[in-house]
Amino acid sequence: MQGAAEQLAIKTLFKQFVYAVKRFQPELLRDMLTADAEAEFSHIGAFKGVDEIIAGLRWTGDVELNVTKSEITNYVARSHDGHAQQCAYVLYLAGHDDGKFLHYFHYSGHYANSYVETEDGWKIAKIKYDLDWQWGNNYFVKDWTLIDYSRYAGHKPVILSELDAPWRVIPEADYAGTDEEQIADAFTLYAWGLDVADSMLALASCTDDVILRAVQRDLVGAKEFVIFLKSLSHKEAALQHACKVRNVKIDGDSATMEAWRVELNRMSGKGITRHNVDHAAFTAVYYCHLRKEDGAWKLCDFDYKPKVTYEGDPDKLKFVGDLNVADPESDSVIHY
C-alpha cells in the first residue's frame, strides 16, 4: 500500500533523526534534510540551511559523553500530496559513566516536523522543538537556555498547535492506518491537546459522553472534560503526557487499550543509576475504552491509575508502533 509505505519511510527517517540528535552526531543529518531546511529549538535557537543546523546541534561540552539514551513516544505522522507533518515526544539522557557513578542530564520535549517528498525520497524541511522538562546535572548543557518554570511553557513557545499540529496542517491524510494504529493515534491526539492547551483537539479525540476517571473524581461529558483540561494548563509550566500504547483489543466498533505513561522527570530522584539506566520506567496507566463513530475511533471512558513500574527487560513489553526497538541505524539502547 502506497500510504503505508510513505508512513514507514517517514517513521524511519524520524528514528534516524533522533539517533543523530541523541548521539550528538548531527553530521548524520546531512542527507536527511532539504538544502533549505529550517530548524528552531527553544533551548539552542533557530538555524537556516543544513550547515547551520548541523553546527547548532554539535556537542560543545568539555566532558566526554559515553552514555546516551532516547525514548520516542506519542508519534503521529500525516501525509498528503507529497507533504507530511509529524509530531512526537522524545525523552533523552546524556551523561558520563566514570566506572563508578553515572553523571547524567535528562530532558524531554516535543517535536513538530515538516517533510517533503523529493526525487531522493522523503526529507525533513522544517524542525520545531520545545523543551518540556529537564532534570539532572545541567553542567552538560551549560550553553542551553533551560526552562523557566515561572512562565507558561517555560519559554516562548516554538510550536503552536493551532499552526503546527499534524491534525491541523493535514486535516485529511492519505492513509489512516490500521484500526490498531488509529486507536493509538486517538490517545496521542488527546495527550497532545492536553499538553499544548489545545482543548478542541483533545475534545476531538473523545465522544460527547466521555468519562474521565481521574485520581480524585470522575468527569462526565464534554463540558467537564474541557474545564478539567483548561485547569491543568495552569498547573505547571509545561505538561507532557508521554505514553506508549499496548494491549489493544478490538470487538467490532468497540475497543480497549492501555496507555503507559513515561514520566521520568518525576522518577529521576528515585534511583537512576549506571545499573538501571537502561530499564523501562512508567508512572501511571490509562485504561481506556473506545468507540468507533462515523469511521473514527474515539475515547469514551478512561481510567487513570498511578502505577510506578520498572521493567528490567524493556523488550518484554510490546507497544503499538514502537519506534524504540533497536536496529543498526536508530536505537534506544544505552551506549558506552
# chains A, B, ... in the order shown; residues from 1 in each chain; ligands from 1

$ residues_around --residues "segment 299-308 of chain A" --least-positions-apart "4" --cutoff "7 Å" --atoms "only C-alpha atoms" --output "number ranges by chain"
A: 205-207, 209-215, 282-291

$ select_by_dssp --residues "segment 38-169 of chain A" --states "helix (DSSP H, G or I)" --output "VMD selection string"
chain A and resid 50 to 56 138 to 141 152 to 154 161 to 164 166 to 169

$ atom_distance --atom1 "atom CA of His96 of chain A" --atom2 "atom CA of Val63 of chain A"
7.5 Å

$ closest_atom_pairs --of "segment 54-143 of chain A" --to "segment 6-13 of chain A" --cutoff "12 Å" --atoms "only C-alpha atoms" --output "JSON lines"
{"residue": "A:Ile72", "atom": "CA", "partner": "A:Lys11", "partner_atom": "CA", "distance": 11.0}
{"residue": "A:Tyr75", "atom": "CA", "partner": "A:Lys11", "partner_atom": "CA", "distance": 8.6}
{"residue": "A:Val76", "atom": "CA", "partner": "A:Lys11", "partner_atom": "CA", "distance": 8.9}
{"residue": "A:Ala77", "atom": "CA", "partner": "A:Gln7", "partner_atom": "CA", "distance": 7.1}
{"residue": "A:Arg78", "atom": "CA", "partner": "A:Gln7", "partner_atom": "CA", "distance": 7.9}
{"residue": "A:Ser79", "atom": "CA", "partner": "A:Gln7", "partner_atom": "CA", "distance": 7.8}
{"residue": "A:His80", "atom": "CA", "partner": "A:Glu6", "partner_atom": "CA", "distance": 9.9}
{"residue": "A:Asp81", "atom": "CA", "partner": "A:Glu6", "partner_atom": "CA", "distance": 10.9}
{"residue": "A:Gly82", "atom": "CA", "partner": "A:Glu6", "partner_atom": "CA", "distance": 9.4}
{"residue": "A:His83", "atom": "CA", "partner": "A:Glu6", "partner_atom": "CA", "distance": 10.4}
{"residue": "A:Ala84", "atom": "CA", "partner": "A:Ile10", "partner_atom": "CA", "distance": 8.3}
{"residue": "A:Gln85", "atom": "CA", "partner": "A:Ile10", "partner_atom": "CA", "distance": 9.5}
{"residue": "A:Gln86", "atom": "CA", "partner": "A:Ile10", "partner_atom": "CA", "distance": 8.5}
{"residue": "A:Cys87", "atom": "CA", "partner": "A:Lys11", "partner_atom": "CA", "distance": 10.6}
{"residue": "A:Ala88", "atom": "CA", "partner": "A:Lys11", "partner_atom": "CA", "distance": 10.6}
{"residue": "A:Asn113", "atom": "CA", "partner": "A:Ile10", "partner_atom": "CA", "distance": 10.5}
{"residue": "A:Ser114", "atom": "CA", "partner": "A:Ile10", "partner_atom": "CA", "distance": 10.2}
{"residue": "A:Tyr115", "atom": "CA", "partner": "A:Ile10", "partner_atom": "CA", "distance": 8.0}
{"residue": "A:Val116", "atom": "CA", "partner": "A:Ile10", "partner_atom": "CA", "distance": 9.7}
{"residue": "A:Glu117", "atom": "CA", "partner": "A:Glu6", "partner_atom": "CA", "distance": 9.3}
{"residue": "A:Asp120", "atom": "CA", "partner": "A:Ala9", "partner_atom": "CA", "distance": 11.7}
{"residue": "A:Gly121", "atom": "CA", "partner": "A:Ala9", "partner_atom": "CA", "distance": 8.2}
{"residue": "A:Trp122", "atom": "CA", "partner": "A:Ile10", "partner_atom": "CA", "distance": 6.7}
{"residue": "A:Lys123", "atom": "CA", "partner": "A:Leu13", "partner_atom": "CA", "distance": 7.8}
{"residue": "A:Ile124", "atom": "CA", "partner": "A:Leu13", "partner_atom": "CA", "distance": 8.3}

$ residues_around --residues "segment 147-158 of chain A" --least-positions-apart "5" --cutoff "12 Å" --atoms "only C-alpha atoms" --output "NGL selection string"
:A and (39-46 or 107-113 or 127-135 or 138 or 163-164 or 195-197 or 232-240)

$ closest_residue --among "A:Thr60, A:Glu180, A:Asn276, A:Ile250" --to "Lys142 of chain A" --atoms "only C-alpha atoms"
A:Thr60

$ select_by_dssp --residues "segment 65-149 of chain A" --states "strand (DSSP E)" --output "JSON, numbers by chain"
{"A": [67, 68, 69, 70, 71, 72, 73, 74, 75, 76, 77, 78, 79, 80, 83, 84, 85, 86, 87, 88, 89, 90, 91, 92, 93, 94, 95, 96, 97, 102, 103, 104, 105, 106, 107, 108, 109, 110, 111, 112, 113, 114, 115, 116, 117, 118, 121, 122, 123, 124, 125, 126, 127, 128, 129, 130, 131, 132, 133, 134, 135, 136]}

$ closest_residue --among "A:Leu219, A:Val21, A:Glu64, A:Val262" --to "His279 of chain A" --atoms "only C-alpha atoms"
A:Val262

$ decode --residues "segment 34-137 of chain A" --atoms "C-alpha atoms" --output "compact mmCIF listing (two decimals), in the first residue's frame"
# COMPACT_ATOMS: atom_id res chain seq x y z
CA THR A 34 16.37 19.57 2.36
CA ALA A 35 19.01 22.07 1.24
CA ASP A 36 16.89 24.98 2.53
CA ALA A 37 15.80 23.25 5.73
CA GLU A 38 14.97 25.37 8.77
CA ALA A 39 15.09 24.46 12.44
CA GLU A 40 14.06 26.17 15.65
CA PHE A 41 14.73 24.81 19.13
CA SER A 42 13.57 26.55 22.30
CA HIS A 43 16.86 25.74 24.06
CA ILE A 44 19.52 26.48 21.41
CA GLY A 45 17.93 28.84 18.87
CA ALA A 46 16.97 28.97 15.20
CA PHE A 47 19.02 27.91 12.16
CA LYS A 48 18.64 28.05 8.37
CA GLY A 49 20.28 25.66 5.95
CA VAL A 50 21.90 22.28 6.50
CA ASP A 51 25.29 23.60 7.64
CA GLU A 52 23.79 25.91 10.25
CA ILE A 53 21.56 23.17 11.64
CA ILE A 54 24.46 20.74 11.91
CA ALA A 55 26.66 23.35 13.60
CA GLY A 56 23.90 24.26 16.04
CA LEU A 57 23.40 20.66 17.16
CA ARG A 58 27.07 19.83 17.74
CA TRP A 59 28.21 18.89 21.23
CA THR A 60 30.35 21.75 22.59
CA GLY A 61 30.99 20.46 26.09
CA ASP A 62 34.36 19.51 27.55
CA VAL A 63 33.23 16.22 29.11
CA GLU A 64 33.10 13.01 27.12
CA LEU A 65 29.55 11.74 26.67
CA ASN A 66 29.84 7.97 26.84
CA VAL A 67 26.20 7.32 27.77
CA THR A 68 23.21 8.35 25.66
CA LYS A 69 19.62 7.19 25.56
CA SER A 70 16.37 8.16 23.88
CA GLU A 71 12.71 7.18 24.15
CA ILE A 72 10.21 8.12 21.44
CA THR A 73 6.52 8.29 22.37
CA ASN A 74 3.29 9.87 21.09
CA TYR A 75 4.37 9.63 17.46
CA VAL A 76 1.93 10.66 14.73
CA ALA A 77 2.59 11.47 11.07
CA ARG A 78 0.03 12.58 8.49
CA SER A 79 0.81 12.95 4.80
CA HIS A 80 -0.94 14.27 1.71
CA ASP A 81 0.23 15.01 -1.83
CA GLY A 82 3.97 14.89 -1.15
CA HIS A 83 3.88 16.77 2.16
CA ALA A 84 3.82 15.41 5.71
CA GLN A 85 3.54 16.77 9.22
CA GLN A 86 4.74 14.75 12.19
CA CYS A 87 4.80 15.14 15.96
CA ALA A 88 6.37 13.15 18.76
CA TYR A 89 7.71 13.38 22.28
CA VAL A 90 11.33 12.33 22.77
CA LEU A 91 12.97 11.75 26.13
CA TYR A 92 16.76 11.99 26.06
CA LEU A 93 19.53 11.17 28.51
CA ALA A 94 23.15 12.21 28.08
CA GLY A 95 25.97 11.68 30.51
CA HIS A 96 29.30 10.28 31.55
CA ASP A 97 29.91 6.99 33.33
CA ASP A 98 33.24 7.17 35.18
CA GLY A 99 33.20 3.49 36.04
CA LYS A 100 31.72 4.06 39.48
CA PHE A 101 28.96 6.63 39.06
CA LEU A 102 26.65 7.84 36.31
CA HIS A 103 26.66 11.63 35.91
CA TYR A 104 23.72 12.49 33.66
CA PHE A 105 21.32 15.09 32.36
CA HIS A 106 17.77 14.05 31.47
CA TYR A 107 15.49 16.16 29.29
CA SER A 108 12.42 15.83 27.12
CA GLY A 109 10.38 17.86 24.68
CA HIS A 110 8.05 17.66 21.73
CA TYR A 111 8.67 17.98 18.00
CA ALA A 112 6.51 19.22 15.15
CA ASN A 113 8.41 18.48 11.93
CA SER A 114 7.52 19.08 8.29
CA TYR A 115 8.56 16.75 5.46
CA VAL A 116 8.53 16.88 1.67
CA GLU A 117 8.85 14.06 -0.84
CA THR A 118 11.77 14.56 -3.22
CA GLU A 119 13.37 12.56 -6.03
CA ASP A 120 15.65 11.10 -3.38
CA GLY A 121 12.83 10.17 -1.04
CA TRP A 122 11.33 11.94 1.97
CA LYS A 123 13.35 14.77 3.52
CA ILE A 124 12.87 16.94 6.60
CA ALA A 125 12.13 20.54 5.57
CA LYS A 126 11.41 22.11 8.96
CA ILE A 127 12.18 21.12 12.54
CA LYS A 128 10.41 22.66 15.53
CA TYR A 129 11.18 21.65 19.10
CA ASP A 130 10.04 22.78 22.55
CA LEU A 131 11.87 21.65 25.68
CA ASP A 132 9.27 20.45 28.23
CA TRP A 133 11.29 19.36 31.25
CA GLN A 134 14.84 18.86 32.45
CA TRP A 135 16.49 17.02 35.31
CA GLY A 136 19.99 16.23 36.48
CA ASN A 137 23.45 17.70 36.10
